[in-house]
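Remarks on the structure that follows.
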Amino acid sequence: PEFSDSVYISRLQDIPSIIDLTYNKIVRNYIHVYTKKRRESVGAMIGLSDYYFPIIEEIFEGYGIPTELKYMAIIESALNPRAVSRVGATGMWQFMYGTAKMYGLRVNSLVDERRYPLKATHSAARFLKSLYNIYGDWTLALAAYNCSPGNVNKAIRRSGGKKDFWDIYYYLPRETRGYVPAFIAAAYTMTYYKDHNLNKA
């Protein structure tokens with residue numbers, strides 16, 4: 001099923017979230033990616049979320065950060081603790097080697113704690129908290145998680161000092177432009193999957 005913009009807007013507004021879940025055509029396109037093109041992988045993620053989301057929520061609550069940030073793990077790794085990107089980011093939270101070490105994860109020839117969901121989630125929470133302390137804005141913290149604070153700061157400078165994700169959108173790296181819309185679409189999809197006839201795989 002496909003729904004009108006007004007339905008998507010009202011459903012997003014109904015999701016309890018401290019983070020602004022803006023709706024626009026970019027977000028709508030990502031919603032369609034999840035609910036139409038990637039139905040099989042979304043079914044698998046729905047099943048995995050039953051196990052991983054309560055763990056992530058409990059850890060994030062302990063750090064005082066919004067539990068809806070759990071949806072990042074959907075776009076980072078499809079909730080796969082063994083995921084490895086083409087540039088070597090690893091685990092459910094896709095840590096690069098340097099960031100992993102900085103936030104207390106052991107990575108050596110014998111062990112890679114980026115693949116341990118509990119430890120990696122604690123590190124992701126600390127990383128997100130430090131990014132929020134820089135920007136005071138969760139959508140900018142999300143963008144910085146994806147492309148580094150250096151790139152977000154550059155985008156803010158190029159925009160003339162604006163500090164809203166959508167105001168600096170075109171100054172961000174291409175991949176990061178899609179990151180926040182994909183996060184919003186993941187939050188929508190994991191909340192309303194039944195309305196799209198999606199089920200656990």
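Simple scheme: letters A, B, ... for chains in structure tokens order, numbers from 1 for residues in each chain, numbers from 1 for ligands in the order shown.
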Show me, as a compact mmCIF listing (two decimals) with N, CA, C and O atoms, in the first residue's frame, the residues that have an atom within 12 Å of Ser123 in chain A when counting only C-alpha atoms, minus same-chain residues fewer than 5 positions from it.
# COMPACT_ATOMS: atom_id res chain seq x y z
N ILE A 56 19.47 -2.13 23.43
CA ILE A 56 19.96 -0.79 23.06
C ILE A 56 19.24 0.28 23.89
O ILE A 56 19.86 1.20 24.42
N ILE A 59 20.58 0.52 27.46
CA ILE A 59 21.91 1.15 27.52
C ILE A 59 21.79 2.65 27.26
O ILE A 59 22.36 3.47 27.99
N PHE A 60 21.04 3.04 26.24
CA PHE A 60 20.89 4.47 25.92
C PHE A 60 20.23 5.23 27.07
O PHE A 60 20.61 6.36 27.37
N TYR A 63 22.61 6.28 29.65
CA TYR A 63 23.47 7.42 29.30
C TYR A 63 22.66 8.71 29.13
O TYR A 63 23.22 9.76 28.81
N GLY A 91 30.86 -3.87 12.75
CA GLY A 91 29.91 -4.10 13.84
C GLY A 91 28.58 -3.41 13.64
O GLY A 91 28.34 -2.72 12.65
N MET A 92 27.72 -3.61 14.61
CA MET A 92 26.36 -3.06 14.53
C MET A 92 26.37 -1.54 14.40
O MET A 92 25.52 -0.95 13.75
N TRP A 93 27.38 -0.90 15.05
CA TRP A 93 27.45 0.57 15.03
C TRP A 93 28.51 1.09 14.06
O TRP A 93 28.81 2.28 14.05
N GLN A 94 29.08 0.21 13.27
CA GLN A 94 30.00 0.59 12.18
C GLN A 94 31.11 1.54 12.63
O GLN A 94 31.33 2.61 12.05
N PHE A 95 31.84 1.11 13.65
CA PHE A 95 32.98 1.90 14.13
C PHE A 95 34.19 1.71 13.23
O PHE A 95 34.54 0.58 12.88
N THR A 99 38.05 5.46 15.92
CA THR A 99 36.94 5.85 16.80
C THR A 99 36.68 4.77 17.83
O THR A 99 36.40 5.05 19.00
N ALA A 100 36.77 3.50 17.40
CA ALA A 100 36.57 2.38 18.32
C ALA A 100 37.56 2.45 19.48
O ALA A 100 37.18 2.32 20.66
N LYS A 101 38.82 2.70 19.17
CA LYS A 101 39.85 2.78 20.22
C LYS A 101 39.58 3.97 21.15
O LYS A 101 39.74 3.88 22.35
N MET A 102 39.18 5.07 20.53
CA MET A 102 38.91 6.29 21.30
C MET A 102 37.79 6.09 22.33
O MET A 102 37.81 6.67 23.41
N TYR A 103 36.81 5.25 21.96
CA TYR A 103 35.68 5.03 22.85
C TYR A 103 35.74 3.67 23.56
O TYR A 103 34.73 3.10 23.93
N GLY A 104 36.97 3.18 23.74
CA GLY A 104 37.20 2.09 24.67
C GLY A 104 37.01 0.67 24.16
O GLY A 104 36.90 -0.26 24.95
N LEU A 105 36.99 0.49 22.84
CA LEU A 105 36.84 -0.86 22.30
C LEU A 105 38.20 -1.44 21.93
O LEU A 105 39.02 -0.76 21.30
N ARG A 106 38.43 -2.69 22.30
CA ARG A 106 39.68 -3.36 21.93
C ARG A 106 39.59 -3.90 20.52
O ARG A 106 38.62 -4.57 20.15
N GLU A 113 36.21 -5.88 19.49
CA GLU A 113 35.02 -5.62 20.30
C GLU A 113 33.96 -4.79 19.57
O GLU A 113 32.85 -4.63 20.09
N ARG A 114 34.28 -4.30 18.38
CA ARG A 114 33.24 -3.63 17.58
C ARG A 114 32.13 -4.60 17.22
O ARG A 114 31.00 -4.20 16.95
N ARG A 115 32.46 -5.91 17.23
CA ARG A 115 31.47 -6.94 16.88
C ARG A 115 30.66 -7.41 18.09
O ARG A 115 29.79 -8.25 17.94
N TYR A 116 30.98 -6.90 19.29
CA TYR A 116 30.26 -7.30 20.50
C TYR A 116 29.11 -6.31 20.73
O TYR A 116 29.37 -5.16 21.11
N PRO A 117 27.87 -6.72 20.53
CA PRO A 117 26.76 -5.75 20.59
C PRO A 117 26.70 -4.93 21.87
O PRO A 117 26.49 -3.72 21.82
N LEU A 118 26.90 -5.56 23.04
CA LEU A 118 26.79 -4.81 24.30
C LEU A 118 27.87 -3.75 24.42
O LEU A 118 27.59 -2.58 24.65
N LEU A 128 27.82 9.28 20.81
CA LEU A 128 26.67 10.14 20.50
C LEU A 128 26.52 11.26 21.52
O LEU A 128 26.21 12.40 21.17
N LYS A 129 26.75 10.92 22.78
CA LYS A 129 26.64 11.94 23.83
C LYS A 129 27.68 13.03 23.62
O LYS A 129 27.40 14.23 23.78
N SER A 130 28.90 12.64 23.25
CA SER A 130 29.95 13.65 23.03
C SER A 130 29.61 14.51 21.81
O SER A 130 29.88 15.71 21.81
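Omitting range 10-12 of chain A and its sequence neighbours fewer than 3 positions away, and counting only C-alpha atoms, the residues within 8 Å are Ser6, Val7, Ile15, Leu21, Thr22, Tyr23 and Tyr188 of chain A.
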Write the residues of the preceding selection, restricted to C-alpha atoms, as an mmCIF file, in the first residue's frame.
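What follows is the written file selection-v6.cif:
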data_model
loop_
_atom_site.group_PDB
_atom_site.id
_atom_site.type_symbol
_atom_site.label_atom_id
_atom_site.label_comp_id
_atom_site.auth_asym_id
_atom_site.auth_seq_id
_atom_site.Cartn_x
_atom_site.Cartn_y
_atom_site.Cartn_z
ATOM 1 C CA SER A 6 -0.641 13.732 5.126
ATOM 2 C CA VAL A 7 -0.725 10.146 6.458
ATOM 3 C CA ILE A 15 6.146 8.634 17.105
ATOM 4 C CA LEU A 21 11.265 13.668 12.503
ATOM 5 C CA THR A 22 10.848 16.065 9.584
ATOM 6 C CA TYR A 23 8.849 14.880 6.574
ATOM 7 C CA TYR A 188 8.777 5.250 10.522
#
Rank nothing, just name the residue among A:Lys37, A:Lys163, A:Lys70, A:Arg174 nearest to Met190 in chain A, using only C-alpha atoms.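 Nearest candidate to Met190 in chain A out of A:Lys37, A:Lys163, A:Lys70, A:Arg174: A:Lys70.
If you count only C-alpha atoms and ignore residues fewer than 6 places along the chain from Asp195 in chain A, what sits within 10 Å of it is Pro1, Glu2, Phe3, Thr35 and Thr189 of chain A.
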Can I get the selection written as a compact mmCIF listing (two decimals), in the first residue's frame, with N, CA and C atoms?
# COMPACT_ATOMS: atom_id res chain seq x y z
N PRO A 1 0.82 -1.21 0.00
CA PRO A 1 0.00 0.00 0.00
C PRO A 1 0.86 1.27 0.00
N GLU A 2 0.32 2.28 -0.65
CA GLU A 2 0.99 3.59 -0.63
C GLU A 2 0.07 4.58 0.05
N PHE A 3 0.63 5.53 0.76
CA PHE A 3 -0.18 6.46 1.53
C PHE A 3 0.12 7.89 1.09
N THR A 35 9.94 0.27 2.56
CA THR A 35 8.64 -0.41 2.54
C THR A 35 8.33 -1.07 1.21
N THR A 189 9.40 3.15 9.48
CA THR A 189 9.18 1.77 9.01
C THR A 189 9.10 0.79 10.17
Residues at most 12 Å from Trp166 in chain A, counting only C-alpha atoms, excluding those fewer than 3 positions away in the same chain, as an mmCIF file with C-alpha atoms, in the first residue's frame?
data_model
loop_
_atom_site.group_PDB
_atom_site.id
_atom_site.type_symbol
_atom_site.label_atom_id
_atom_site.label_comp_id
_atom_site.auth_asym_id
_atom_site.auth_seq_id
_atom_site.Cartn_x
_atom_site.Cartn_y
_atom_site.Cartn_z
ATOM 1 C CA ASP A 20 12.831 16.116 14.971
ATOM 2 C CA LEU A 21 11.265 13.668 12.503
ATOM 3 C CA THR A 22 10.848 16.065 9.584
ATOM 4 C CA TYR A 23 8.849 14.880 6.574
ATOM 5 C CA ASN A 24 9.691 15.910 3.010
ATOM 6 C CA ILE A 26 13.610 13.015 0.489
ATOM 7 C CA VAL A 27 12.269 11.237 3.590
ATOM 8 C CA THR A 139 20.169 15.662 13.935
ATOM 9 C CA LEU A 140 23.584 17.335 13.683
ATOM 10 C CA ALA A 143 25.228 13.719 10.727
ATOM 11 C CA ALA A 155 29.140 22.516 6.280
ATOM 12 C CA ILE A 156 28.079 24.926 9.049
ATOM 13 C CA SER A 159 26.212 27.749 5.095
ATOM 14 C CA LYS A 162 23.464 27.887 10.154
ATOM 15 C CA LYS A 163 22.999 25.050 12.634
ATOM 16 C CA TYR A 169 22.037 19.799 3.784
ATOM 17 C CA TYR A 170 23.671 20.728 0.460
ATOM 18 C CA TYR A 171 27.015 21.494 2.121
ATOM 19 C CA LEU A 172 27.329 18.002 3.621
ATOM 20 C CA THR A 176 25.542 12.150 4.920
ATOM 21 C CA ARG A 177 22.728 13.998 3.147
ATOM 22 C CA GLY A 178 20.910 10.686 3.076
ATOM 23 C CA TYR A 179 21.737 9.707 6.648
ATOM 24 C CA VAL A 180 19.151 11.722 8.607
ATOM 25 C CA PRO A 181 16.348 11.089 6.055
#
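The smallest atom-to-atom distance between Ile65 in chain A and any of A:Glu175, A:Asp164, A:Asp14, A:Asp137, using only C-alpha atoms, is found for A:Asp137.
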Can you tell me which residues surround Glu40 in chain A at a distance of at most 12 Å, considering only C-alpha atoms, apart from same-chain residues fewer than 4 positions away, and format the answer as JSON, numbers by chain? {"A": [33, 34, 35, 36, 44, 45, 46, 47, 78, 197, 198, 199, 200, 201]}
Using only C-alpha atoms: which of A:Ile184, A:Phe53, A:Ile9, A:Asp167 has the shortest distance to Leu142 in chain A: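 For Leu142 in chain A, the nearest of the candidates is A:Ile184.
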Enumerate, as a CSV table (one decimal) with all heavy atoms, in the first residue's frame, the complete set of residues in chain A that a backbone-based DSSP assignment places in strand (DSSP E or B).
chain,number,residue,atom,x,y,z
A,84,VAL,N,30.6,-5.5,8.0
A,84,VAL,CA,31.8,-4.8,7.7
A,84,VAL,C,31.6,-4.0,6.4
A,84,VAL,O,31.2,-4.5,5.4
A,84,VAL,CB,33.0,-5.7,7.5
A,84,VAL,CG1,34.3,-4.9,7.2
A,84,VAL,CG2,33.2,-6.6,8.7
A,90,THR,N,33.1,-1.5,11.2
A,90,THR,CA,32.7,-2.9,11.6
A,90,THR,C,31.7,-2.8,12.8
A,90,THR,O,31.7,-1.9,13.6
A,90,THR,CB,34.0,-3.6,12.1
A,90,THR,OG1,34.9,-3.7,11.0
A,90,THR,CG2,33.7,-5.0,12.6
A,95,PHE,N,31.8,1.1,13.7
A,95,PHE,CA,33.0,1.9,14.1
A,95,PHE,C,34.2,1.7,13.2
A,95,PHE,O,34.5,0.6,12.9
A,95,PHE,CB,33.4,1.5,15.5
A,95,PHE,CG,32.6,2.1,16.6
A,95,PHE,CD1,31.6,1.4,17.3
A,95,PHE,CD2,32.8,3.4,17.0
A,95,PHE,CE1,30.9,2.0,18.4
A,95,PHE,CE2,32.0,4.0,18.0
A,95,PHE,CZ,31.1,3.3,18.7
A,107,VAL,N,40.6,-3.6,19.7
A,107,VAL,CA,40.7,-4.1,18.3
A,107,VAL,C,42.1,-4.5,18.1
A,107,VAL,O,43.0,-3.7,18.1
A,107,VAL,CB,40.3,-3.0,17.3
A,107,VAL,CG1,40.3,-3.6,15.9
A,107,VAL,CG2,38.9,-2.5,17.6
A,112,ASP,N,38.0,-8.3,18.3
A,112,ASP,CA,37.5,-7.0,17.8
A,112,ASP,C,36.1,-6.7,18.5
A,112,ASP,O,35.1,-7.3,18.1
A,112,ASP,CB,37.2,-7.2,16.2
A,112,ASP,CG,36.9,-5.8,15.6
A,112,ASP,OD1,36.5,-4.9,16.3
A,112,ASP,OD2,37.0,-5.7,14.3
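In this model, the gap between CA of Asn133 in chain A and CA of Gln13 in chain A comes to 25.6 Å.
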